[in-house]
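Here is the structure we will look at, set down as structure tokens.
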Protein chains: 2
Amino acid sequence: MNQAIGVIDSGVGGLTVVHELMRQLPKESLIYLGDTLRCPYGPRSEGEIKTFTWELADFLLEKNIKLLVVACNTATAFTLEELKKHLSIPVIGVIKPGARAAVKFTKNSHIGVIGTEGTIRSNAYPRALKSISAYLRVNSLACPLFVPMVEQGVLSGTEAEQMVGETLLPMKEQNHIDTLILGCTHYPLIKDTIQKVIGSQVTVISSSEETAREVSTILEFYGQLYNGTISPAHRFYTTGEMGVFAKITEGIFKESAEYFQSVTIERAVLPY
Amino acid sequence: MNQAIGVIDSGVGGLTVVHELMRQLPKESLIYLGDTLRCPYGPRSEGEIKTFTWELADFLLEKNIKLLVVACNTATAFTLEELKKHLSIPVIGVIKPGARAAVKFTKNSHIGVIGTEGTIRSNAYPRALKSISAYLRVNSLACPLFVPMVEQGVLSGTEAEQMVGETLLPMKEQNHIDTLILGCTHYPLIKDTIQKVIGSQVTVISSSEETAREVSTILEFYGQLYNGTISPAHRFYTTGEMGVFAKITEGIFKESAEYFQSVTIERAVLPY
């Protein structure tokens with residue numbers, strides 16, 4: 001099995017999933033497609049999100065991937081079930097892994113979720129959590145400013161802390177949650193700032209780490225992990241400017257260059 | 001889907017997996033079979049371990065389970081692949097989940113594993129870890145006294161700390177691991193003592209918690225989670241004395257009686 005794992009995302013946020021996949025499954029080759037040109041998906045209509053997500057999936061399916069990761073929470077919320085129904089390869093979204101990890105960690109059964117407007121509006125996390133246990137209490141909060149903040153490279157420092165602090169105030173004031181799900185793949189990039197604001201008593205769950213973990217579980221379960229000795233080769237596609245994409249990518253992988261060898265960045269041309 | 005999840009174990013250690021399954025999947029019914037009469041499996045021959053494990057599996061298969069958890073590390077090490085090959089339902093062992101979680105947590109790629117003589121002799125954890133990444137360093141240590149200690153109810157206090165301290169000394173002296181896998185389902189019962197001895201800088205991984213998490217992943221992936229409204233009913237079987245088993249069970253579930261409603265304990269009669 002020398003097929004690659006495919007990862008689609010609305011932009012660069014899904015690279016946090018890629019980072020974890022490289023770390024947790026270092027033998028696997030990855031193909032990434034980020035729709036930077038049309039990012040963010042959060043404020044878009046359901047119809048647009050579905051159409052765009054299918055275009056991304058089709059682009060990677062032609063590259064003979066063995067598993068598809070929908071690394072964008074918004075795309076997962078609206079399109080995962082459709083993709084699972086129609087594709088013959090396993091499809092994994094980022095919502096259920098985050099929900100399952102939260103259930104594992106919580107002691108007081110009170111869980112917070114933050115995400116884009118689209119993800120929060122979809123109610124996908126509360127639904128996933130309540131389907132596991134009807135007794136969980138869930139508080140959701142849309143944080144529309146976080147994605148633009150991350151895309152601008154504001155990840156820590158006074159400005160970031162102030163913005164995160166003001167946004168999370170309603171969640172913090174309730175003061176009940178013991179577990180907080182980062183329901184957007186951009187947010188792991190500001191995890192330290194979020195942890196500082198929300199307090200050390202709250203376990204902060206990164207959907208990205210948890211999704212990588214479940215990709216590993218499913219591939220092993222299907223006997224599809226790569227067991228050969230050929231070094232992995234990764235291909236990254238963006239619908240936007242390659243220069244900008246390369247710079248952001250470099251930033252995300254800067255502390256772990258060893259995972260980032262053999263990466264090719266190309267321009268994706270989608271049918272629009 | 002109102003079929004139960006089956007859990008087999010060499011004795012009472014697997015109840016830590018049951019405890020986590022009840023917590024993480026509160027809608028599911030469970031059937032447990034503990035081979036208390038022939039516990040421990042750790043020092044037994046490969047042939048004996050395989051024969052016994054198949055007897056346990058056959059007993060539960062007749063009860064129409066939808067998934068089988070091999071909650072004993074020793075049984076997993078020697079029999080999991082055979083069971084997976086021959087059974088038509090998903091079979092999940094405790095070794096891969098623990099290994100995957102360790103890879104997720106480790107920062108310095110240096111992982112410790114403790115377990116019974118049988119599990120350590122089988123080399124199953126180092127093999128599982130190295131199959132994920134050849135660059136991991138793994139230190140293994142057999143702790144033959146821990147299971148008898150737990151079965152006698154010695155879980156904390158001076159005596160437990162002294163015994164755990166002396167046993168873990170070789171692991172502690174190397175002072176390199178940042179993650180320690182509890183490669184025996186009895187060990188979560190002495191997790192606090194182990195954490196105290198090994199130090200707070202080491203992340204201690206409970207295979208039990210991680211296995212429950214993966215059962216949730218696999219059942220959801222197969223669309224086999226129970227979605228109805230009937231309260232779960234649990235059945236526990238032991239090959240040994242029902243009184244003793246009930247007492248130990250009560251001890252394990254004492255702080256979470258809400259998960260332990262509707263449990264029936266019966267005597268299992270196996271063909272020997």
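In the structure tokens, chains take letters A, B, ... by order of appearance, with residues numbered from 1 within each chain and ligands from 1 in the order shown.
Within 8 Å of chain A, counting only C-alpha atoms, chain B contributes Arg23, Gln24, Leu25, Pro26, Lys27, Pro97, Arg100, Ala101, Val103, Lys104, Ser131, Ile132, Ser133, Glu209, Arg213, Glu214, Ser216, Thr217, Ile218 and Asn227 of chain B.
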Export of prior selection with N, CA and C atoms as a PDB file, in the first residue's frame:
```pdb
ATOM      1  N   ARG B  23     -18.247   4.881  30.571  1.00  0.00           N
ATOM      2  CA  ARG B  23     -18.128   6.332  30.656  1.00  0.00           C
ATOM      3  C   ARG B  23     -18.161   6.964  29.254  1.00  0.00           C
ATOM      4  N   GLN B  24     -17.406   6.381  28.327  1.00  0.00           N
ATOM      5  CA  GLN B  24     -17.277   6.985  27.001  1.00  0.00           C
ATOM      6  C   GLN B  24     -18.408   6.582  26.047  1.00  0.00           C
ATOM      7  N   LEU B  25     -19.057   5.465  26.323  1.00  0.00           N
ATOM      8  CA  LEU B  25     -20.162   4.999  25.475  1.00  0.00           C
ATOM      9  C   LEU B  25     -21.345   4.591  26.355  1.00  0.00           C
ATOM     10  N   PRO B  26     -21.938   5.569  27.039  1.00  0.00           N
ATOM     11  CA  PRO B  26     -22.933   5.222  28.073  1.00  0.00           C
ATOM     12  C   PRO B  26     -24.212   4.589  27.552  1.00  0.00           C
ATOM     13  N   LYS B  27     -24.423   4.584  26.221  1.00  0.00           N
ATOM     14  CA  LYS B  27     -25.647   3.979  25.692  1.00  0.00           C
ATOM     15  C   LYS B  27     -25.485   2.484  25.382  1.00  0.00           C
ATOM     16  N   PRO B  97      -3.961   0.589  20.666  1.00  0.00           N
ATOM     17  CA  PRO B  97      -4.466   1.871  21.191  1.00  0.00           C
ATOM     18  C   PRO B  97      -3.474   2.544  22.136  1.00  0.00           C
ATOM     19  N   ARG B 100      -0.537   3.882  20.007  1.00  0.00           N
ATOM     20  CA  ARG B 100      -0.890   5.086  19.244  1.00  0.00           C
ATOM     21  C   ARG B 100      -0.979   6.318  20.144  1.00  0.00           C
ATOM     22  N   ALA B 101      -1.573   6.134  21.337  1.00  0.00           N
ATOM     23  CA  ALA B 101      -1.687   7.265  22.262  1.00  0.00           C
ATOM     24  C   ALA B 101      -0.295   7.728  22.699  1.00  0.00           C
ATOM     25  N   VAL B 103       2.496   7.556  21.020  1.00  0.00           N
ATOM     26  CA  VAL B 103       3.105   8.302  19.917  1.00  0.00           C
ATOM     27  C   VAL B 103       2.529   9.716  19.847  1.00  0.00           C
ATOM     28  N   LYS B 104       1.239   9.836  20.140  1.00  0.00           N
ATOM     29  CA  LYS B 104       0.608  11.155  20.131  1.00  0.00           C
ATOM     30  C   LYS B 104       1.187  12.048  21.244  1.00  0.00           C
ATOM     31  N   SER B 131       6.654  -0.150  14.482  1.00  0.00           N
ATOM     32  CA  SER B 131       5.975  -0.219  13.177  1.00  0.00           C
ATOM     33  C   SER B 131       5.389   1.158  12.818  1.00  0.00           C
ATOM     34  N   ILE B 132       5.118   1.967  13.840  1.00  0.00           N
ATOM     35  CA  ILE B 132       4.651   3.329  13.574  1.00  0.00           C
ATOM     36  C   ILE B 132       5.827   4.218  13.191  1.00  0.00           C
ATOM     37  N   SER B 133       6.900   4.165  13.971  1.00  0.00           N
ATOM     38  CA  SER B 133       8.076   4.972  13.655  1.00  0.00           C
ATOM     39  C   SER B 133       9.344   4.257  14.094  1.00  0.00           C
ATOM     40  N   GLU B 209      -8.270   3.346  28.900  1.00  0.00           N
ATOM     41  CA  GLU B 209      -8.958   4.539  28.389  1.00  0.00           C
ATOM     42  C   GLU B 209      -8.861   4.619  26.882  1.00  0.00           C
ATOM     43  N   ARG B 213     -11.718   4.450  23.795  1.00  0.00           N
ATOM     44  CA  ARG B 213     -11.770   5.493  22.778  1.00  0.00           C
ATOM     45  C   ARG B 213     -11.792   4.891  21.375  1.00  0.00           C
ATOM     46  N   GLU B 214     -10.972   3.866  21.137  1.00  0.00           N
ATOM     47  CA  GLU B 214     -10.917   3.280  19.788  1.00  0.00           C
ATOM     48  C   GLU B 214     -12.141   2.407  19.493  1.00  0.00           C
ATOM     49  N   SER B 216     -15.057   3.213  20.400  1.00  0.00           N
ATOM     50  CA  SER B 216     -15.996   4.254  19.991  1.00  0.00           C
ATOM     51  C   SER B 216     -15.744   4.659  18.534  1.00  0.00           C
ATOM     52  N   THR B 217     -14.474   4.849  18.171  1.00  0.00           N
ATOM     53  CA  THR B 217     -14.103   5.216  16.800  1.00  0.00           C
ATOM     54  C   THR B 217     -14.561   4.167  15.792  1.00  0.00           C
ATOM     55  N   ILE B 218     -14.249   2.916  16.080  1.00  0.00           N
ATOM     56  CA  ILE B 218     -14.532   1.836  15.128  1.00  0.00           C
ATOM     57  C   ILE B 218     -16.039   1.612  14.989  1.00  0.00           C
ATOM     58  N   ASN B 227     -28.233   3.736  18.864  1.00  0.00           N
ATOM     59  CA  ASN B 227     -28.859   5.060  18.843  1.00  0.00           C
ATOM     60  C   ASN B 227     -30.251   5.084  19.432  1.00  0.00           C
TER      61      ASN B 227
END
```
Least-squares Cα fit of chain A to chain B, output as a compact mmCIF listing (two decimals) with C-alpha atoms, in the first residue's frame:
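Heads up, here's the output in result_25.txt:
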```
# COMPACT_ATOMS: atom_id res chain seq x y z
CA MET A 1 -28.27 -2.21 16.60
CA ASN A 2 -28.98 -3.40 20.11
CA GLN A 3 -26.24 -6.00 20.27
CA ALA A 4 -23.78 -5.77 23.15
CA ILE A 5 -20.05 -5.11 23.07
CA GLY A 6 -18.14 -8.15 24.36
CA VAL A 7 -15.10 -7.84 26.63
CA ILE A 8 -12.86 -10.76 27.61
CA ASP A 9 -10.09 -10.72 30.16
CA SER A 10 -7.89 -13.05 32.18
CA GLY A 11 -9.51 -11.79 35.39
CA VAL A 12 -10.64 -8.46 36.82
CA GLY A 13 -8.13 -6.11 35.11
CA GLY A 14 -10.35 -5.74 32.06
CA LEU A 15 -12.96 -4.09 34.26
CA THR A 16 -10.91 -0.90 33.90
CA VAL A 17 -11.71 -1.08 30.17
CA VAL A 18 -15.38 -1.71 31.01
CA HIS A 19 -15.37 1.29 33.33
CA GLU A 20 -14.09 3.48 30.49
CA LEU A 21 -16.52 1.96 27.96
CA MET A 22 -19.42 2.78 30.29
CA ARG A 23 -18.13 6.33 30.64
CA GLN A 24 -17.28 6.98 26.99
CA LEU A 25 -20.17 4.99 25.46
CA PRO A 26 -22.93 5.23 28.06
CA LYS A 27 -25.66 3.98 25.69
CA GLU A 28 -23.98 0.65 24.94
CA SER A 29 -24.69 -2.67 26.67
CA LEU A 30 -21.68 -4.75 27.68
CA ILE A 31 -20.99 -8.42 28.28
CA TYR A 32 -17.85 -9.17 30.27
CA LEU A 33 -16.12 -12.47 30.83
CA GLY A 34 -13.23 -12.65 33.31
CA ASP A 35 -11.26 -15.88 33.58
CA THR A 36 -10.56 -15.32 37.28
CA LEU A 37 -10.13 -19.05 37.87
CA ARG A 38 -7.10 -19.29 35.59
CA CYS A 39 -5.68 -15.78 36.21
CA PRO A 40 -2.91 -14.68 35.74
CA TYR A 41 -2.15 -15.37 32.08
CA GLY A 42 1.20 -13.52 32.24
CA PRO A 43 3.43 -16.48 33.20
CA ARG A 44 1.64 -19.06 30.98
CA SER A 45 2.87 -20.61 27.72
CA GLU A 46 1.80 -19.27 24.33
CA GLY A 47 -0.26 -22.40 23.66
CA GLU A 48 -2.20 -22.11 26.90
CA ILE A 49 -2.84 -18.40 26.43
CA LYS A 50 -4.18 -19.00 22.91
CA THR A 51 -6.43 -21.89 23.96
CA PHE A 52 -7.86 -20.00 26.94
CA THR A 53 -8.45 -16.82 24.92
CA TRP A 54 -10.33 -18.72 22.21
CA GLU A 55 -12.53 -20.33 24.86
CA LEU A 56 -13.41 -16.92 26.25
CA ALA A 57 -14.10 -15.52 22.77
CA ASP A 58 -16.34 -18.47 21.83
CA PHE A 59 -18.37 -18.02 25.02
CA LEU A 60 -19.17 -14.40 24.12
CA LEU A 61 -19.67 -15.01 20.39
CA GLU A 62 -22.61 -17.22 21.26
CA LYS A 63 -24.21 -14.19 22.92
CA ASN A 64 -24.32 -12.36 19.57
CA ILE A 65 -21.91 -9.54 20.40
CA LYS A 66 -21.22 -6.88 17.74
CA LEU A 67 -17.57 -6.22 18.63
CA LEU A 68 -15.02 -8.09 20.74
CA VAL A 69 -12.52 -6.33 23.01
CA VAL A 70 -9.55 -8.40 24.15
CA ALA A 71 -8.95 -6.46 27.36
CA CYS A 72 -5.94 -8.50 28.50
CA ASN A 73 -2.55 -7.39 27.19
CA THR A 74 -1.11 -10.90 27.36
CA ALA A 75 -4.06 -12.38 25.41
CA THR A 76 -3.82 -9.51 22.90
CA ALA A 77 -0.10 -10.06 22.41
CA PHE A 78 -0.53 -13.74 21.52
CA THR A 79 -4.02 -14.13 20.06
CA LEU A 80 -5.31 -10.85 18.55
CA GLU A 81 -4.14 -11.46 14.97
CA GLU A 82 -5.67 -14.96 14.94
CA LEU A 83 -8.99 -13.67 16.28
CA LYS A 84 -9.08 -10.81 13.78
CA LYS A 85 -8.39 -13.24 10.95
CA HIS A 86 -11.12 -15.71 11.87
CA LEU A 87 -13.98 -13.61 13.26
CA SER A 88 -16.47 -11.68 11.16
CA ILE A 89 -17.00 -8.95 13.79
CA PRO A 90 -14.41 -6.25 14.62
CA VAL A 91 -11.87 -7.35 17.24
CA ILE A 92 -9.92 -4.75 19.21
CA GLY A 93 -6.94 -5.40 21.46
CA VAL A 94 -5.37 -3.13 24.05
CA ILE A 95 -1.85 -2.86 22.62
CA LYS A 96 -2.24 -0.77 19.46
CA PRO A 97 -4.47 1.86 21.18
CA GLY A 98 -1.88 2.32 23.94
CA ALA A 99 0.94 2.52 21.37
CA ARG A 100 -0.90 5.08 19.25
CA ALA A 101 -1.68 7.26 22.26
CA ALA A 102 1.96 7.13 23.35
CA VAL A 103 3.10 8.30 19.91
CA LYS A 104 0.60 11.16 20.12
CA PHE A 105 1.87 12.26 23.56
CA THR A 106 5.64 11.79 23.39
CA LYS A 107 7.78 14.82 22.63
CA ASN A 108 11.23 13.22 22.96
CA SER A 109 10.32 9.95 21.15
CA HIS A 110 11.43 7.91 24.17
CA ILE A 111 8.67 5.66 25.53
CA GLY A 112 8.57 3.25 28.47
CA VAL A 113 6.35 0.16 28.66
CA ILE A 114 5.53 -1.89 31.74
CA GLY A 115 3.52 -5.12 31.74
CA THR A 116 3.42 -8.77 32.77
CA GLU A 117 6.28 -11.13 31.90
CA GLY A 118 4.16 -12.56 29.06
CA THR A 119 3.43 -9.20 27.50
CA ILE A 120 7.00 -7.96 27.82
CA ARG A 121 8.39 -11.29 26.54
CA SER A 122 6.10 -11.11 23.50
CA ASN A 123 7.75 -7.81 22.48
CA ALA A 124 4.33 -6.69 21.24
CA TYR A 125 4.56 -3.05 22.39
CA PRO A 126 8.03 -2.32 20.97
CA ARG A 127 6.90 -3.99 17.73
CA ALA A 128 3.69 -1.92 17.58
CA LEU A 129 5.60 1.29 18.37
CA LYS A 130 8.45 0.64 15.93
CA SER A 131 5.98 -0.22 13.18
CA ILE A 132 4.64 3.33 13.58
CA SER A 133 8.07 4.97 13.65
CA ALA A 134 11.49 3.36 13.45
CA TYR A 135 12.96 6.34 15.32
CA LEU A 136 11.20 5.71 18.62
CA ARG A 137 13.28 4.47 21.53
CA VAL A 138 11.43 1.99 23.74
CA ASN A 139 12.33 0.71 27.21
CA SER A 140 10.37 -2.29 28.49
CA LEU A 141 10.13 -3.63 32.02
CA ALA A 142 8.24 -6.66 33.35
CA CYS A 143 6.50 -6.03 36.68
CA PRO A 144 5.38 -9.53 37.78
CA LEU A 145 4.38 -8.40 41.28
CA PHE A 146 1.86 -5.75 40.27
CA VAL A 147 -1.03 -8.07 39.27
CA PRO A 148 -0.99 -10.10 42.50
CA MET A 149 -0.67 -6.83 44.44
CA VAL A 150 -3.78 -5.39 42.73
CA GLU A 151 -5.73 -8.64 43.07
CA GLN A 152 -5.04 -8.42 46.82
CA GLY A 153 -6.43 -4.90 46.86
CA VAL A 154 -3.12 -3.17 47.69
CA LEU A 155 -3.53 -0.07 45.50
CA SER A 156 -1.93 2.82 47.41
CA GLY A 157 -0.16 3.65 50.66
CA THR A 158 3.36 2.91 51.90
CA GLU A 159 3.43 -0.78 50.94
CA ALA A 160 2.22 -0.15 47.40
CA GLU A 161 4.58 2.80 46.92
CA GLN A 162 7.55 0.81 48.14
CA MET A 163 6.82 -2.13 45.86
CA VAL A 164 6.12 0.07 42.83
CA GLY A 165 9.18 2.17 43.62
CA GLU A 166 11.53 -0.82 43.81
CA THR A 167 10.10 -2.39 40.66
CA LEU A 168 10.27 0.79 38.58
CA LEU A 169 13.77 1.73 39.74
CA PRO A 170 15.53 0.52 36.55
CA MET A 171 13.07 2.54 34.43
CA LYS A 172 13.44 5.60 36.64
CA GLU A 173 17.24 5.48 36.76
CA GLN A 174 17.49 5.70 32.98
CA ASN A 175 15.54 8.93 33.37
CA HIS A 176 14.90 9.40 29.66
CA ILE A 177 11.31 8.45 28.93
CA ASP A 178 8.64 11.16 28.78
CA THR A 179 5.74 8.72 28.26
CA LEU A 180 4.96 5.47 30.08
CA ILE A 181 2.45 2.92 28.77
CA LEU A 182 0.59 0.88 31.39
CA GLY A 183 0.69 -2.31 29.34
CA CYS A 184 -1.59 -4.28 31.64
CA THR A 185 -5.23 -3.58 32.39
CA HIS A 186 -4.64 -4.12 36.10
CA TYR A 187 -2.25 -1.18 36.27
CA PRO A 188 -4.77 1.69 35.90
CA LEU A 189 -5.90 0.69 39.41
CA ILE A 190 -2.46 1.74 40.73
CA LYS A 191 -1.99 4.62 38.23
CA ASP A 192 -1.76 7.26 40.99
CA THR A 193 0.97 5.31 42.78
CA ILE A 194 2.87 4.75 39.52
CA GLN A 195 2.59 8.44 38.60
CA LYS A 196 3.89 9.43 42.04
CA VAL A 197 6.88 7.10 41.72
CA ILE A 198 7.79 7.85 38.09
CA GLY A 199 7.36 11.63 38.44
CA SER A 200 4.94 14.24 37.09
CA GLN A 201 7.15 14.96 34.05
CA VAL A 202 6.18 11.56 32.58
CA THR A 203 2.80 11.17 30.84
CA VAL A 204 1.25 7.90 32.02
CA ILE A 205 -0.94 6.26 29.35
CA SER A 206 -3.75 3.91 30.35
CA SER A 207 -4.37 1.35 27.62
CA SER A 208 -7.87 0.95 29.07
CA GLU A 209 -8.96 4.54 28.38
CA GLU A 210 -7.39 4.48 24.94
CA THR A 211 -8.99 1.16 24.00
CA ALA A 212 -12.44 2.45 24.94
CA ARG A 213 -11.76 5.48 22.77
CA GLU A 214 -10.92 3.26 19.79
CA VAL A 215 -13.97 1.05 20.31
CA SER A 216 -15.99 4.25 19.98
CA THR A 217 -14.10 5.21 16.79
CA ILE A 218 -14.55 1.82 15.13
CA LEU A 219 -18.22 1.37 16.02
CA GLU A 220 -19.04 4.85 14.78
CA PHE A 221 -17.07 4.21 11.62
CA TYR A 222 -19.09 1.05 10.99
CA GLY A 223 -22.37 2.82 11.83
CA GLN A 224 -22.89 0.35 14.68
CA LEU A 225 -23.28 2.63 17.69
CA TYR A 226 -26.58 2.14 19.50
CA ASN A 227 -28.88 5.08 18.82
CA GLY A 228 -32.06 3.91 20.52
CA THR A 229 -33.52 4.95 23.84
CA ILE A 230 -33.45 1.67 25.76
CA SER A 231 -31.20 1.87 28.84
CA PRO A 232 -28.17 -0.39 28.65
CA ALA A 233 -28.06 -3.69 30.53
CA HIS A 234 -24.71 -5.21 31.43
CA ARG A 235 -23.89 -8.84 32.10
CA PHE A 236 -20.71 -9.91 33.87
CA TYR A 237 -19.47 -13.49 33.87
CA THR A 238 -16.61 -14.95 35.86
CA THR A 239 -15.07 -18.41 35.79
CA GLY A 240 -14.18 -18.02 39.48
CA GLU A 241 -16.01 -17.29 42.70
CA MET A 242 -18.93 -14.94 42.13
CA GLY A 243 -18.69 -13.44 45.61
CA VAL A 244 -15.04 -12.46 45.24
CA PHE A 245 -15.67 -11.14 41.74
CA ALA A 246 -18.61 -9.03 42.91
CA LYS A 247 -16.52 -7.53 45.71
CA ILE A 248 -13.65 -6.54 43.42
CA THR A 249 -16.09 -5.20 40.85
CA GLU A 250 -17.75 -3.07 43.48
CA GLY A 251 -14.34 -1.69 44.44
CA ILE A 252 -13.50 -0.70 40.87
CA PHE A 253 -16.83 1.01 40.28
CA LYS A 254 -17.26 2.49 43.74
CA GLU A 255 -16.82 6.12 42.68
CA SER A 256 -19.09 5.82 39.70
CA ALA A 257 -22.06 3.79 40.77
CA GLU A 258 -24.17 5.54 38.13
CA TYR A 259 -22.33 3.60 35.44
CA PHE A 260 -22.93 0.37 37.23
CA GLN A 261 -26.66 -0.01 37.21
CA SER A 262 -28.33 -3.05 35.71
CA VAL A 263 -25.36 -5.32 36.13
CA THR A 264 -25.94 -9.04 36.42
CA ILE A 265 -23.09 -11.24 37.61
CA GLU A 266 -23.21 -14.89 36.57
CA ARG A 267 -20.96 -17.90 36.62
CA ALA A 268 -19.41 -18.85 33.28
CA VAL A 269 -18.94 -22.53 32.60
CA LEU A 270 -16.25 -23.06 30.00
CA PRO A 271 -15.48 -26.42 28.34
CA TYR A 272 -12.64 -27.56 30.58
```
* To do: Write out as a ChimeraX atom specification all residues of stretch 158-261 of chain A that backbone DSSP assigns to alpha helix (DSSP H).
  => /A:158-174,191-198,207-221,242-252
Keeping C-alpha atoms, export the residues of the selection given above as a PDB file, in the first residue's frame.
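That gives us selection-v9.pdb:
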```
ATOM      1  CA  THR A 158      -0.545  41.338  23.725  1.00  0.00           C
ATOM      2  CA  GLU A 159      -2.744  41.857  20.655  1.00  0.00           C
ATOM      3  CA  ALA A 160      -3.575  38.165  20.312  1.00  0.00           C
ATOM      4  CA  GLU A 161      -4.227  37.776  24.047  1.00  0.00           C
ATOM      5  CA  GLN A 162      -6.514  40.782  24.106  1.00  0.00           C
ATOM      6  CA  MET A 163      -8.547  39.583  21.141  1.00  0.00           C
ATOM      7  CA  VAL A 164      -8.776  36.007  22.410  1.00  0.00           C
ATOM      8  CA  GLY A 165      -9.585  37.270  25.903  1.00  0.00           C
ATOM      9  CA  GLU A 166     -12.441  39.489  24.734  1.00  0.00           C
ATOM     10  CA  THR A 167     -13.872  36.799  22.463  1.00  0.00           C
ATOM     11  CA  LEU A 168     -13.757  34.041  25.082  1.00  0.00           C
ATOM     12  CA  LEU A 169     -15.178  36.207  27.868  1.00  0.00           C
ATOM     13  CA  PRO A 170     -18.728  34.744  27.671  1.00  0.00           C
ATOM     14  CA  MET A 171     -17.275  31.209  27.865  1.00  0.00           C
ATOM     15  CA  LYS A 172     -14.971  32.146  30.729  1.00  0.00           C
ATOM     16  CA  GLU A 173     -17.647  33.945  32.746  1.00  0.00           C
ATOM     17  CA  GLN A 174     -19.827  30.844  32.869  1.00  0.00           C
ATOM     18  CA  LYS A 191      -3.598  27.067  21.438  1.00  0.00           C
ATOM     19  CA  ASP A 192      -1.083  28.537  23.910  1.00  0.00           C
ATOM     20  CA  THR A 193      -2.861  31.893  23.901  1.00  0.00           C
ATOM     21  CA  ILE A 194      -6.265  30.216  24.310  1.00  0.00           C
ATOM     22  CA  GLN A 195      -4.966  28.049  27.170  1.00  0.00           C
ATOM     23  CA  LYS A 196      -3.540  31.129  28.899  1.00  0.00           C
ATOM     24  CA  VAL A 197      -6.857  32.978  28.608  1.00  0.00           C
ATOM     25  CA  ILE A 198      -9.188  30.100  29.540  1.00  0.00           C
ATOM     26  CA  SER A 207      -9.238  18.354  16.823  1.00  0.00           C
ATOM     27  CA  SER A 208      -6.138  18.164  14.626  1.00  0.00           C
ATOM     28  CA  GLU A 209      -4.173  15.873  16.959  1.00  0.00           C
ATOM     29  CA  GLU A 210      -7.223  13.724  17.596  1.00  0.00           C
ATOM     30  CA  THR A 211      -8.065  13.398  13.908  1.00  0.00           C
ATOM     31  CA  ALA A 212      -4.534  12.223  13.113  1.00  0.00           C
ATOM     32  CA  ARG A 213      -4.897   9.661  15.888  1.00  0.00           C
ATOM     33  CA  GLU A 214      -8.119   8.328  14.351  1.00  0.00           C
ATOM     34  CA  VAL A 215      -6.633   8.188  10.847  1.00  0.00           C
ATOM     35  CA  SER A 216      -3.990   5.932  12.364  1.00  0.00           C
ATOM     36  CA  THR A 217      -6.678   3.772  14.036  1.00  0.00           C
ATOM     37  CA  ILE A 218      -8.771   3.373  10.884  1.00  0.00           C
ATOM     38  CA  LEU A 219      -5.869   2.670   8.520  1.00  0.00           C
ATOM     39  CA  GLU A 220      -4.453   0.066  10.887  1.00  0.00           C
ATOM     40  CA  PHE A 221      -7.886  -1.466  11.275  1.00  0.00           C
ATOM     41  CA  MET A 242       1.999  29.674  -3.989  1.00  0.00           C
ATOM     42  CA  GLY A 243       4.418  32.158  -2.426  1.00  0.00           C
ATOM     43  CA  VAL A 244       2.061  33.100   0.396  1.00  0.00           C
ATOM     44  CA  PHE A 245       1.137  29.466   0.957  1.00  0.00           C
ATOM     45  CA  ALA A 246       4.790  28.416   1.133  1.00  0.00           C
ATOM     46  CA  LYS A 247       5.519  31.130   3.686  1.00  0.00           C
ATOM     47  CA  ILE A 248       2.649  30.143   5.984  1.00  0.00           C
ATOM     48  CA  THR A 249       3.538  26.482   5.600  1.00  0.00           C
ATOM     49  CA  GLU A 250       7.107  27.196   6.588  1.00  0.00           C
ATOM     50  CA  GLY A 251       5.827  29.005   9.677  1.00  0.00           C
ATOM     51  CA  ILE A 252       3.685  26.072  10.778  1.00  0.00           C
TER      52      ILE A 252
END
```
* Go through stretch 46-255 of chain A and collect every residue that DSSP, computed from the backbone, puts in strand (DSSP E or B); the answer should be as a PyMOL selection string. => chain A and resi 67-70+91-93+110-115+137-142+179-182+203-206+234-238
